[in-house]
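Reproduced below: protein_22.tsv, with TSV, C-alpha atoms.
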chain	number	residue	atom	x	y	z
I	1	MET	CA	-34.38	-90.10	-63.39
I	2	THR	CA	-32.31	-92.87	-61.78
I	3	PRO	CA	-29.27	-91.83	-59.74
I	4	PRO	CA	-25.84	-92.84	-61.05
I	5	PRO	CA	-24.10	-95.90	-59.60
I	6	THR	CA	-22.17	-95.48	-56.36
I	7	ALA	CA	-18.81	-95.69	-58.13
I	8	ASP	CA	-19.86	-92.94	-60.53
I	9	ARG	CA	-21.00	-90.76	-57.67
I	10	SER	CA	-17.67	-91.23	-55.90
I	11	SER	CA	-15.75	-90.30	-59.03
I	12	MET	CA	-17.93	-87.21	-59.44
I	13	ARG	CA	-17.12	-86.18	-55.86
I	14	ARG	CA	-13.40	-86.69	-56.52
I	15	ARG	CA	-13.58	-84.58	-59.67
I	16	SER	CA	-15.55	-81.92	-57.78
I	17	ASP	CA	-12.93	-81.84	-55.01
I	18	VAL	CA	-10.22	-81.37	-57.61
I	19	ASP	CA	-12.12	-78.59	-59.37
I	20	ALA	CA	-12.99	-76.75	-56.11
I	21	LYS	CA	-9.54	-75.40	-55.27
I	22	PRO	CA	-9.04	-73.56	-52.01
I	23	VAL	CA	-8.85	-69.81	-52.38
I	24	HIS	CA	-5.20	-69.63	-51.32
I	25	SER	CA	-4.20	-71.88	-54.25
I	26	LEU	CA	-5.66	-69.59	-56.91
I	27	SER	CA	-3.13	-68.07	-59.26
I	28	HIS	CA	-2.14	-64.42	-59.10
I	29	ASP	CA	-3.93	-63.62	-62.39
I	30	ILE	CA	-7.20	-65.23	-61.25
I	31	LEU	CA	-7.08	-63.33	-57.94
I	32	CYS	CA	-6.55	-60.07	-59.81
I	33	ILE	CA	-9.57	-60.75	-62.03
I	34	ILE	CA	-11.72	-61.41	-58.93
I	35	PHE	CA	-10.44	-58.32	-57.11
I	36	SER	CA	-11.14	-56.12	-60.13
I	37	PHE	CA	-14.91	-56.58	-59.53
I	38	LEU	CA	-14.76	-55.27	-55.93
I	39	ASP	CA	-15.30	-51.73	-54.73
I	40	LEU	CA	-12.93	-49.71	-52.56
I	41	PHE	CA	-14.11	-50.89	-49.15
I	42	ASP	CA	-14.09	-54.57	-50.12
I	43	LEU	CA	-10.59	-54.19	-51.55
I	44	VAL	CA	-9.32	-52.62	-48.34
I	45	ARG	CA	-10.85	-55.46	-46.33
I	46	CYS	CA	-9.14	-57.99	-48.61
I	47	LEU	CA	-5.77	-56.34	-47.89
I	48	ALA	CA	-6.03	-57.54	-44.29
I	49	VAL	CA	-7.01	-61.17	-45.06
I	50	CYS	CA	-3.52	-62.60	-45.75
I	51	LYS	CA	-0.12	-61.73	-47.18
I	52	SER	CA	-0.81	-63.32	-50.57
I	53	TRP	CA	-3.98	-61.25	-51.10
I	54	ASN	CA	-2.23	-58.11	-49.90
I	55	TYR	CA	0.64	-58.74	-52.31
I	56	ALA	CA	-1.71	-59.51	-55.22
I	57	ILE	CA	-3.67	-56.29	-54.78
I	58	TYR	CA	-0.59	-54.09	-54.51
I	59	LYS	CA	1.36	-55.92	-57.24
I	60	SER	CA	-1.46	-55.56	-59.76
I	61	GLU	CA	-1.97	-51.87	-58.87
I	62	ILE	CA	-5.72	-52.42	-58.64
I	63	LEU	CA	-5.95	-49.79	-55.93
I	64	ARG	CA	-4.03	-47.24	-57.98
I	65	THR	CA	-6.30	-47.92	-60.96
I	66	PHE	CA	-9.29	-47.38	-58.67
I	67	CYS	CA	-7.79	-44.08	-57.51
I	68	LEU	CA	-7.25	-42.94	-61.10
I	69	ARG	CA	-10.86	-43.75	-61.98
I	70	TYR	CA	-12.07	-41.84	-58.92
I	71	GLN	CA	-9.91	-38.86	-59.84
I	72	LYS	CA	-11.39	-38.71	-63.34
I	73	GLN	CA	-14.92	-38.85	-61.93
I	74	GLU	CA	-14.11	-36.07	-59.47
I	75	MET	CA	-12.63	-33.86	-62.18
I	76	ASN	CA	-15.68	-34.41	-64.40
I	77	SER	CA	-18.06	-33.40	-61.62
I	78	ALA	CA	-16.16	-30.34	-60.39
I	79	SER	CA	-13.97	-27.56	-61.65
I	80	THR	CA	-10.20	-28.13	-61.58
I	81	SER	CA	-9.76	-25.63	-58.74
I	82	GLU	CA	-12.16	-27.64	-56.54
I	83	VAL	CA	-10.33	-30.94	-56.96
I	84	SER	CA	-8.10	-31.64	-53.95
I	85	PHE	CA	-7.40	-35.30	-54.68
I	86	SER	CA	-3.91	-36.06	-56.08
I	87	LEU	CA	-2.10	-39.27	-56.93
I	88	GLU	CA	1.18	-37.56	-56.07
I	89	LYS	CA	0.37	-38.46	-52.46
I	90	PRO	CA	1.12	-41.95	-51.04
I	91	LEU	CA	-1.41	-44.56	-52.11
I	92	LEU	CA	-2.80	-45.20	-48.62
I	93	GLU	CA	-3.27	-41.47	-48.09
I	94	CYS	CA	-5.18	-41.26	-51.39
I	95	LEU	CA	-7.38	-44.18	-50.34
I	96	GLU	CA	-8.12	-42.55	-46.99
I	97	GLU	CA	-9.17	-39.34	-48.77
I	98	ILE	CA	-11.55	-41.30	-51.00
I	99	ALA	CA	-13.01	-43.15	-48.01
I	100	MET	CA	-13.51	-39.94	-46.01
I	101	GLU	CA	-15.14	-38.20	-48.98
I	102	ARG	CA	-17.60	-41.09	-49.38
I	103	HIS	CA	-18.26	-41.08	-45.64
I	104	LYS	CA	-19.01	-37.35	-45.76
I	105	LEU	CA	-21.36	-37.65	-48.74
I	106	ALA	CA	-23.18	-40.59	-47.15
I	107	LEU	CA	-23.77	-38.71	-43.88
I	108	GLU	CA	-24.94	-35.55	-45.63
I	109	LYS	CA	-26.96	-36.89	-48.57
I	110	GLY	CA	-27.22	-40.69	-48.52
I	111	ARG	CA	-30.27	-42.83	-47.90
I	112	ILE	CA	-30.70	-43.79	-44.24
I	113	ARG	CA	-31.64	-47.17	-42.80
I	114	VAL	CA	-32.21	-47.39	-39.04
I	115	SER	CA	-32.07	-50.69	-37.15
I	116	GLN	CA	-33.48	-50.66	-33.61
I	117	TRP	CA	-33.35	-53.41	-31.00
I	118	ILE	CA	-33.70	-53.85	-27.22
I	119	GLY	CA	-30.18	-54.10	-25.88
I	120	HIS	CA	-30.66	-53.85	-22.11
I	121	SER	CA	-33.31	-54.68	-19.54
I	122	VAL	CA	-33.32	-51.21	-17.96
I	123	ARG	CA	-31.67	-48.58	-20.15
I	124	ALA	CA	-28.62	-47.95	-22.29
I	125	GLU	CA	-27.11	-44.51	-21.70
I	126	GLN	CA	-23.72	-44.77	-23.38
I	127	CYS	CA	-22.18	-46.40	-26.43
I	128	ARG	CA	-18.80	-46.80	-28.13
I	129	MET	CA	-17.97	-48.09	-31.62
I	130	LYS	CA	-14.52	-49.34	-32.65
I	131	MET	CA	-13.07	-51.99	-34.95
I	132	GLY	CA	-16.51	-52.76	-36.36
I	133	LEU	CA	-17.98	-53.49	-32.90
I	134	ILE	CA	-20.48	-51.68	-30.63
I	135	LEU	CA	-20.25	-51.55	-26.82
I	136	THR	CA	-23.25	-50.38	-24.79
I	137	GLY	CA	-24.19	-50.15	-21.13
I	138	VAL	CA	-24.69	-48.10	-17.93
I	139	GLY	CA	-28.37	-48.72	-16.98
I	140	ASP	CA	-28.33	-52.35	-15.86
I	141	LYS	CA	-25.47	-54.36	-14.38
I	142	VAL	CA	-24.06	-55.51	-17.71
I	143	MET	CA	-22.07	-54.23	-20.69
I	144	ARG	CA	-22.73	-55.85	-24.07
I	145	LEU	CA	-20.61	-56.03	-27.19
I	146	TRP	CA	-22.63	-56.16	-30.44
I	147	SER	CA	-22.07	-56.95	-34.07
I	148	PRO	CA	-23.37	-54.10	-36.30
I	149	GLU	CA	-23.89	-56.59	-39.13
I	150	ASN	CA	-26.39	-59.02	-37.55
I	151	PHE	CA	-27.07	-57.11	-34.27
I	152	ARG	CA	-26.19	-60.18	-32.19
I	153	CYS	CA	-24.65	-59.92	-28.73
I	154	LEU	CA	-21.09	-61.24	-29.04
I	155	GLU	CA	-19.84	-60.77	-25.47
I	156	GLU	CA	-21.30	-59.80	-22.12
I	157	TYR	CA	-19.57	-58.38	-19.05
I	158	SER	CA	-21.10	-58.22	-15.58
I	159	ILE	CA	-20.66	-55.23	-13.28
I	160	PRO	CA	-20.28	-55.57	-9.47
I	161	GLU	CA	-23.57	-55.31	-7.61
I	162	LYS	CA	-24.62	-52.02	-5.99
I	163	VAL	CA	-21.91	-50.09	-7.83
I	164	PRO	CA	-22.88	-47.75	-10.73
I	165	LEU	CA	-21.07	-47.90	-14.06
I	166	ILE	CA	-20.11	-44.30	-14.88
I	167	ASP	CA	-18.13	-44.59	-18.10
I	168	PHE	CA	-16.26	-47.15	-20.23
I	169	ASP	CA	-14.12	-47.73	-23.31
I	170	PHE	CA	-12.57	-50.73	-25.05
I	171	ASP	CA	-9.90	-51.96	-27.44
I	172	VAL	CA	-8.85	-55.29	-28.98
I	173	GLY	CA	-8.00	-57.07	-25.74
I	174	LYS	CA	-9.84	-55.38	-22.89
I	175	ILE	CA	-12.70	-53.23	-21.61
I	176	VAL	CA	-11.97	-50.46	-19.10
I	177	GLY	CA	-14.78	-49.12	-16.94
I	178	LEU	CA	-15.13	-46.51	-14.21
I	179	VAL	CA	-17.29	-48.35	-11.66
I	180	GLY	CA	-18.15	-46.17	-8.69
I	181	LYS	CA	-14.76	-44.93	-7.43
I	182	GLN	CA	-12.88	-47.88	-8.91
I	183	LEU	CA	-11.25	-48.49	-12.27
I	184	CYS	CA	-12.04	-52.02	-13.44
I	185	ILE	CA	-10.59	-53.94	-16.38
I	186	TRP	CA	-12.22	-56.91	-18.08
I	187	SER	CA	-10.27	-59.20	-20.37
I	188	ARG	CA	-12.10	-59.86	-23.63
I	189	SER	CA	-10.82	-63.45	-23.54
I	190	GLY	CA	-12.78	-64.16	-20.34
I	191	LYS	CA	-15.71	-63.02	-18.21
I	192	ARG	CA	-13.73	-62.19	-15.06
I	193	SER	CA	-12.27	-58.84	-14.06
I	194	ILE	CA	-8.48	-58.90	-14.35
I	195	PHE	CA	-8.01	-57.33	-10.92
I	196	PRO	CA	-10.00	-57.83	-7.70
I	197	SER	CA	-12.20	-54.82	-7.10
I	198	ARG	CA	-10.18	-53.67	-4.06
I	199	GLU	CA	-7.00	-53.53	-6.13
I	200	CYS	CA	-8.75	-51.31	-8.69
I	201	THR	CA	-8.99	-48.41	-6.25
I	202	PHE	CA	-6.20	-45.88	-6.68
I	203	GLU	CA	-5.48	-44.28	-3.32
I	204	LYS	CA	-2.55	-42.26	-4.68
I	205	GLY	CA	-2.62	-40.24	-7.86
I	206	LEU	CA	-2.02	-36.89	-9.44
I	207	CYS	CA	-4.68	-34.35	-8.51
I	208	MET	CA	-5.06	-31.18	-10.53
I	209	ARG	CA	-7.32	-28.16	-10.46
I	210	MET	CA	-8.27	-27.72	-14.11
I	211	LEU	CA	-11.08	-25.17	-13.75
I	212	PRO	CA	-12.52	-22.80	-11.14
I	213	GLY	CA	-15.94	-24.48	-11.31
I	214	PRO	CA	-17.18	-28.08	-11.35
I	215	VAL	CA	-15.82	-30.24	-14.21
I	216	THR	CA	-18.71	-31.68	-16.24
I	217	CYS	CA	-16.89	-33.73	-18.91
I	218	LEU	CA	-13.41	-35.00	-19.78
I	219	CYS	CA	-11.47	-35.94	-22.91
I	220	VAL	CA	-7.88	-37.24	-23.36
I	221	ASN	CA	-5.88	-37.01	-26.60
I	222	ASP	CA	-2.93	-38.99	-27.98
I	223	ASP	CA	-0.46	-36.30	-26.86
I	224	GLN	CA	-1.28	-36.93	-23.18
I	225	LEU	CA	-3.35	-33.76	-22.86
I	226	MET	CA	-6.56	-33.78	-20.87
I	227	PHE	CA	-9.50	-31.47	-21.61
I	228	GLY	CA	-12.14	-30.64	-19.02
I	229	GLY	CA	-15.37	-28.72	-19.56
I	230	SER	CA	-16.96	-26.57	-16.84
I	231	LEU	CA	-20.36	-25.20	-15.90
I	232	LEU	CA	-19.01	-21.70	-16.67
I	233	GLY	CA	-18.57	-22.45	-20.38
I	234	ASN	CA	-14.78	-22.78	-20.39
I	235	ILE	CA	-12.42	-25.68	-21.14
I	236	GLY	CA	-9.23	-26.31	-19.19
I	237	VAL	CA	-6.32	-28.08	-20.89
I	238	SER	CA	-3.79	-29.90	-18.67
I	239	GLY	CA	-0.91	-32.33	-19.12
I	240	LEU	CA	-1.38	-35.79	-17.64
I	241	ARG	CA	2.12	-35.61	-16.13
I	242	SER	CA	1.67	-32.26	-14.46
I	243	ASP	CA	-0.71	-30.84	-11.89
I	244	GLN	CA	-0.77	-27.46	-13.62
I	245	ARG	CA	-3.30	-26.22	-16.15
I	246	VAL	CA	-1.67	-25.55	-19.53
I	247	VAL	CA	-4.26	-23.21	-21.02
I	248	MET	CA	-7.91	-22.13	-20.79
I	249	LEU	CA	-10.17	-22.17	-23.85
I	250	ARG	CA	-12.92	-19.61	-23.36
I	251	SER	CA	-16.31	-19.41	-25.05
I	252	ARG	CA	-18.32	-16.26	-25.65
I	253	ASN	CA	-21.20	-17.58	-23.55
I	254	THR	CA	-21.25	-18.58	-19.90
I	255	VAL	CA	-23.44	-21.63	-20.40
I	256	GLY	CA	-22.16	-24.97	-19.16
I	257	ILE	CA	-20.11	-27.38	-21.30
I	258	ARG	CA	-21.86	-30.77	-21.45
I	259	THR	CA	-19.70	-32.85	-23.83
I	260	LEU	CA	-16.25	-32.78	-25.46
I	261	CYS	CA	-14.29	-34.45	-28.25
I	262	TYR	CA	-10.88	-33.84	-29.81
I	263	ASN	CA	-9.73	-34.46	-33.38
I	264	ASP	CA	-6.09	-35.62	-33.32
I	265	SER	CA	-5.88	-35.25	-37.09
I	266	SER	CA	-6.85	-31.56	-37.32
I	267	ARG	CA	-5.98	-30.49	-33.73
I	268	LEU	CA	-9.48	-29.13	-33.25
I	269	VAL	CA	-11.44	-29.23	-29.98
I	270	PHE	CA	-15.24	-29.49	-30.14
I	271	ALA	CA	-17.68	-28.92	-27.29
I	272	GLY	CA	-21.44	-29.00	-26.81
I	273	SER	CA	-23.27	-26.86	-24.24
I	274	THR	CA	-26.35	-27.05	-22.07
I	275	ALA	CA	-27.99	-24.35	-24.24
I	276	GLY	CA	-27.54	-26.10	-27.60
I	277	HIS	CA	-24.30	-24.39	-28.66
I	278	VAL	CA	-21.41	-26.19	-30.39
I	279	TYR	CA	-17.96	-24.62	-30.13
I	280	CYS	CA	-14.68	-25.23	-31.96
I	281	TRP	CA	-11.14	-24.19	-30.99
I	282	ASP	CA	-7.83	-24.72	-32.77
I	283	LEU	CA	-5.44	-26.18	-30.19
I	284	ARG	CA	-2.41	-24.91	-32.15
I	285	THR	CA	-3.42	-21.25	-31.86
I	286	MET	CA	-5.65	-21.61	-28.76
I	287	LYS	CA	-8.25	-19.50	-30.58
I	288	SER	CA	-11.94	-20.02	-31.19
I	289	LEU	CA	-12.71	-20.88	-34.82
I	290	TRP	CA	-16.49	-20.84	-34.73
I	291	GLU	CA	-19.53	-21.02	-32.51
I	292	SER	CA	-22.98	-22.15	-33.59
I	293	ARG	CA	-26.26	-22.72	-31.80
I	294	VAL	CA	-27.57	-25.84	-33.53
I	295	SER	CA	-30.32	-26.76	-31.05
I	296	PRO	CA	-32.54	-24.93	-28.55
I	297	ASN	CA	-31.76	-27.60	-25.94
I	298	VAL	CA	-28.90	-29.51	-24.31
I	299	ILE	CA	-26.22	-31.16	-26.47
I	300	TYR	CA	-25.44	-34.52	-24.82
I	301	SER	CA	-22.93	-35.99	-27.25
I	302	LEU	CA	-20.80	-35.11	-30.28
I	303	GLN	CA	-18.30	-37.32	-32.11
I	304	HIS	CA	-16.52	-37.79	-35.43
I	305	LEU	CA	-14.88	-40.64	-37.29
I	306	GLN	CA	-11.18	-41.04	-36.55
I	307	ASN	CA	-9.04	-39.04	-39.03
I	308	ASP	CA	-12.16	-37.40	-40.51
I	309	ARG	CA	-11.77	-33.63	-40.84
I	310	SER	CA	-15.16	-32.94	-42.42
I	311	SER	CA	-18.18	-34.21	-40.50
I	312	LEU	CA	-19.24	-33.93	-36.86
I	313	ALA	CA	-22.26	-35.86	-35.52
I	314	VAL	CA	-24.25	-34.12	-32.77
I	315	GLY	CA	-27.11	-35.38	-30.62
I	316	GLY	CA	-29.02	-34.06	-27.63
I	317	ILE	CA	-32.26	-33.71	-25.75
I	318	ASP	CA	-34.42	-32.89	-28.80
I	319	GLY	CA	-33.64	-36.30	-30.36
I	320	ILE	CA	-32.50	-34.95	-33.74
I	321	LEU	CA	-29.27	-36.36	-35.18
I	322	ARG	CA	-27.36	-33.48	-36.76
I	323	ILE	CA	-24.39	-33.58	-39.12
I	324	LEU	CA	-22.18	-30.48	-38.90
I	325	ASP	CA	-19.26	-29.23	-40.97
I	326	GLN	CA	-16.20	-29.41	-38.70
I	327	ASN	CA	-14.60	-26.36	-40.31
I	328	THR	CA	-17.52	-23.91	-40.21
I	329	GLY	CA	-20.13	-25.28	-37.79
I	330	THR	CA	-22.76	-25.26	-40.54
I	331	VAL	CA	-25.54	-27.83	-40.08
I	332	ARG	CA	-25.37	-30.02	-43.20
I	333	SER	CA	-28.24	-32.37	-42.35
I	334	CYS	CA	-30.84	-33.09	-39.66
I	335	CYS	CA	-32.06	-36.69	-39.35
I	336	MET	CA	-34.70	-38.65	-37.47
I	337	MET	CA	-36.19	-42.11	-37.66
I	338	ASP	CA	-39.39	-42.67	-39.61
I	339	SER	CA	-42.18	-44.18	-37.49
I	340	ARG	CA	-43.27	-46.60	-40.25
I	341	LEU	CA	-42.00	-50.14	-39.74
I	342	LEU	CA	-40.34	-51.78	-42.77
I	343	SER	CA	-39.53	-55.24	-41.44
I	344	THR	CA	-38.52	-57.24	-38.36
I	345	HIS	CA	-36.15	-60.11	-37.67
I	346	GLN	CA	-34.58	-61.85	-34.67
I	347	ASN	CA	-31.08	-61.35	-33.26
I	348	GLY	CA	-31.05	-64.03	-30.56
I	349	LEU	CA	-32.15	-61.75	-27.71
I	350	GLY	CA	-35.24	-60.22	-29.28
I	351	THR	CA	-36.64	-58.44	-32.29
I	352	VAL	CA	-34.74	-56.05	-34.56
I	353	GLU	CA	-36.97	-53.43	-36.17
I	354	GLU	CA	-35.96	-51.93	-39.52
I	355	ARG	CA	-37.09	-48.43	-40.44
I	356	ARG	CA	-36.05	-45.69	-42.80
I	357	GLY	CA	-34.41	-42.53	-41.63
I	358	LYS	CA	-35.52	-39.22	-43.04
I	359	ARG	CA	-33.86	-35.86	-43.43
I	360	LEU	CA	-35.61	-32.75	-42.17
I	361	SER	CA	-35.73	-29.49	-44.07
I	362	ASP	CA	-34.67	-26.20	-42.48
I	363	GLU	CA	-38.31	-25.16	-42.20
I	364	THR	CA	-39.43	-28.27	-40.28
I	365	PRO	CA	-40.81	-27.26	-36.84
I	366	ILE	CA	-39.08	-29.77	-34.55
I	367	ASP	CA	-41.39	-29.08	-31.60
I	368	ALA	CA	-44.32	-30.27	-33.73
I	369	ILE	CA	-42.76	-33.74	-34.16
I	370	ASP	CA	-44.04	-36.41	-31.76
I	371	ARG	CA	-41.49	-36.98	-28.97
I	372	ARG	CA	-41.96	-40.75	-29.30
I	373	ASN	CA	-40.35	-40.53	-32.74
I	374	ARG	CA	-37.35	-38.53	-31.49
I	375	PRO	CA	-36.24	-39.73	-28.03
I	376	SER	CA	-33.30	-37.85	-26.53
I	377	ILE	CA	-29.89	-38.93	-27.80
I	378	THR	CA	-27.79	-39.48	-24.67
I	379	SER	CA	-24.72	-40.84	-26.46
I	380	LEU	CA	-23.50	-41.50	-29.99
I	381	ALA	CA	-20.49	-43.07	-31.70
I	382	VAL	CA	-19.42	-42.75	-35.33
I	383	GLY	CA	-18.13	-45.46	-37.68
I	384	MET	CA	-17.58	-45.53	-41.42
I	385	LYS	CA	-20.94	-44.49	-42.91
I	386	LYS	CA	-22.75	-45.46	-39.71
I	387	ILE	CA	-23.69	-43.96	-36.33
I	388	VAL	CA	-24.89	-45.78	-33.21
I	389	THR	CA	-27.07	-43.94	-30.68
I	390	THR	CA	-28.51	-44.62	-27.22
I	391	HIS	CA	-31.55	-42.85	-25.78
I	392	ASN	CA	-31.79	-43.45	-22.02
I	393	ASP	CA	-34.15	-46.33	-22.68
I	394	LYS	CA	-33.80	-50.02	-23.57
I	395	PHE	CA	-33.26	-49.43	-27.28
I	396	ILE	CA	-30.08	-49.19	-29.33
I	397	ARG	CA	-30.24	-47.62	-32.78
I	398	LEU	CA	-27.79	-48.13	-35.63
I	399	TRP	CA	-28.02	-45.57	-38.46
I	400	LYS	CA	-26.53	-46.77	-41.76
I	401	PHE	CA	-25.95	-44.14	-44.42
I	402	GLN	CA	-25.79	-45.39	-48.01
I	403	SER	CA	-23.85	-43.32	-50.52
The structure in this file should be written as structure tokens.
Amino acid sequence: MTPPPTADRSSMRRRSDVDAKPVHSLSHDILCIIFSFLDLFDLVRCLAVCKSWNYAIYKSEILRTFCLRYQKQEMNSASTSEVSFSLEKPLLECLEEIAMERHKLALEKGRIRVSQWIGHSVRAEQCRMKMGLILTGVGDKVMRLWSPENFRCLEEYSIPEKVPLIDFDFDVGKIVGLVGKQLCIWSRSGKRSIFPSRECTFEKGLCMRMLPGPVTCLCVNDDQLMFGGSLLGNIGVSGLRSDQRVVMLRSRNTVGIRTLCYNDSSRLVFAGSTAGHVYCWDLRTMKSLWESRVSPNVIYSLQHLQNDRSSLAVGGIDGILRILDQNTGTVRSCCMMDSRLLSTHQNGLGTVEERRGKRLSDETPIDAIDRRNRPSITSLAVGMKKIVTTHNDKFIRLWKFQS
């Protein structure tokens, strides 16, 4: 078939350019039709794209229609007394409830896909996950920021030589790390530390005696309270602007506290011990709510999704990822990675291995499972329907839970 003359081809390109309108020029009705095919999470993402999309979604009440449909499904699958969802609440609050319910169901019952890749040359001991990004580090002299979508390294930050990286955290504009005895800050817009290392040492500060024994872990909440766990099994609560301890949270056991986290939404304090116990206190009453021994070994890390009041992810030396009920301490699910390889692909630095995750029954003897298939979980971080874990080796694992 002979190609059309040059003039015809040019006219076809002009007609094509006219037909292919930019997205921002689409009419309100057309945008609403497109948005009506999306699910909840895609709609929420579209809200943040631009003002015109945000206006179109709210003006058309697509989200409210979605909430009504969800409410009918919930009422059909449960008795009226079990339904807690109500459209009398503000729309964003209703959407958050739906999102948290889906997150909970995915963690407890959804299919699991585990992506594993080599993230560091020595070992990765700690991880954080925020704003759809993963930060890992500690073993070698570098921190790396990863995309959980394609597992590519987006940014890299060097650590001063001969100084150990102890802990770190990050936000939109910066990364803060405790490096030796110094507090260092890296700007995410550049590779250089904002301050010279000598200026990062704080010679003057507020010193406080939180606990009678050695402090093993720390946690700070939005109300400027600091929590410290001790080897004696207690937690001291202090104000950041005072050198006095506010209160002591006591456990029934005298085993050491290894890890802490605080839920600003429910005012609950969670702690994991060196003997496999998980504790929960209500900060409003200063009383213990529950205590559960979920593992025979050390609990290294426990975390929850921000504003989630249902699920608590727990990991430790036995390498089993556990999902607990925040309100009762009941173990809802135990997960591990299947040894069978599904597929591999490249991420720019190496190979990403894809495997399935599997849920273990209550009768599964964990000690009989090969240790190579369940390396110790040294740190974990929770995102929406996903959990990232590190294992004191070179690998990083991202667990995606499909509802």
Restricting the calculation to only C-alpha atoms, which member of I:Ser361, I:Ser333, I:Asn392, I:Thr378 is positioned closest to Gly110 in chain I?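 Answer, going by the shortest atom-to-atom distance: I:Ser333.
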Let me make sure I understand: among I:Glu156, I:Glu101, I:Glu291, I:Asp42, which one has the smallest atom-to-atom distance to Tyr70 in chain I if we use only C-alpha atoms? I:Glu101
Residue contacts of Ser310 in chain I (7 Å, all atoms listed in the file) excluding same-chain residues fewer than 4 positions away, as a VMD selection string: chain I and resid 104 325 to 327
Taking all atoms of range 133-143 of chain I that appear in the file, build a box with edges along x, y and z, extend it by 8 Å on every side, and state its centre and edge lengths in Å to one decimal, as JSON.
{"center_x": -23.2, "center_y": -51.8, "center_z": -23.6, "size_x": 26.4, "size_y": 23.4, "size_z": 34.5}
Here CA of Cys334 in chain I and CA of Asp264 in chain I stand apart by 25.7 Å
So that I can see what lies close to Leu312 in chain I, please list as an MDAnalysis selection string the residues with an atom at most 12 Å from it, counting all atoms listed in the file and leaving out residues fewer than 5 positions away in the same chain. chainID I and resid 103:104 107:108 260:263 268:272 278:280 301:307 321:334 380:383 387
Spatial neighbours of Val220 in chain I, 10 Å, all atoms listed in the file, chain gap at least 5 places, as number ranges by chain: I: 225-228, 237-240, 260-262
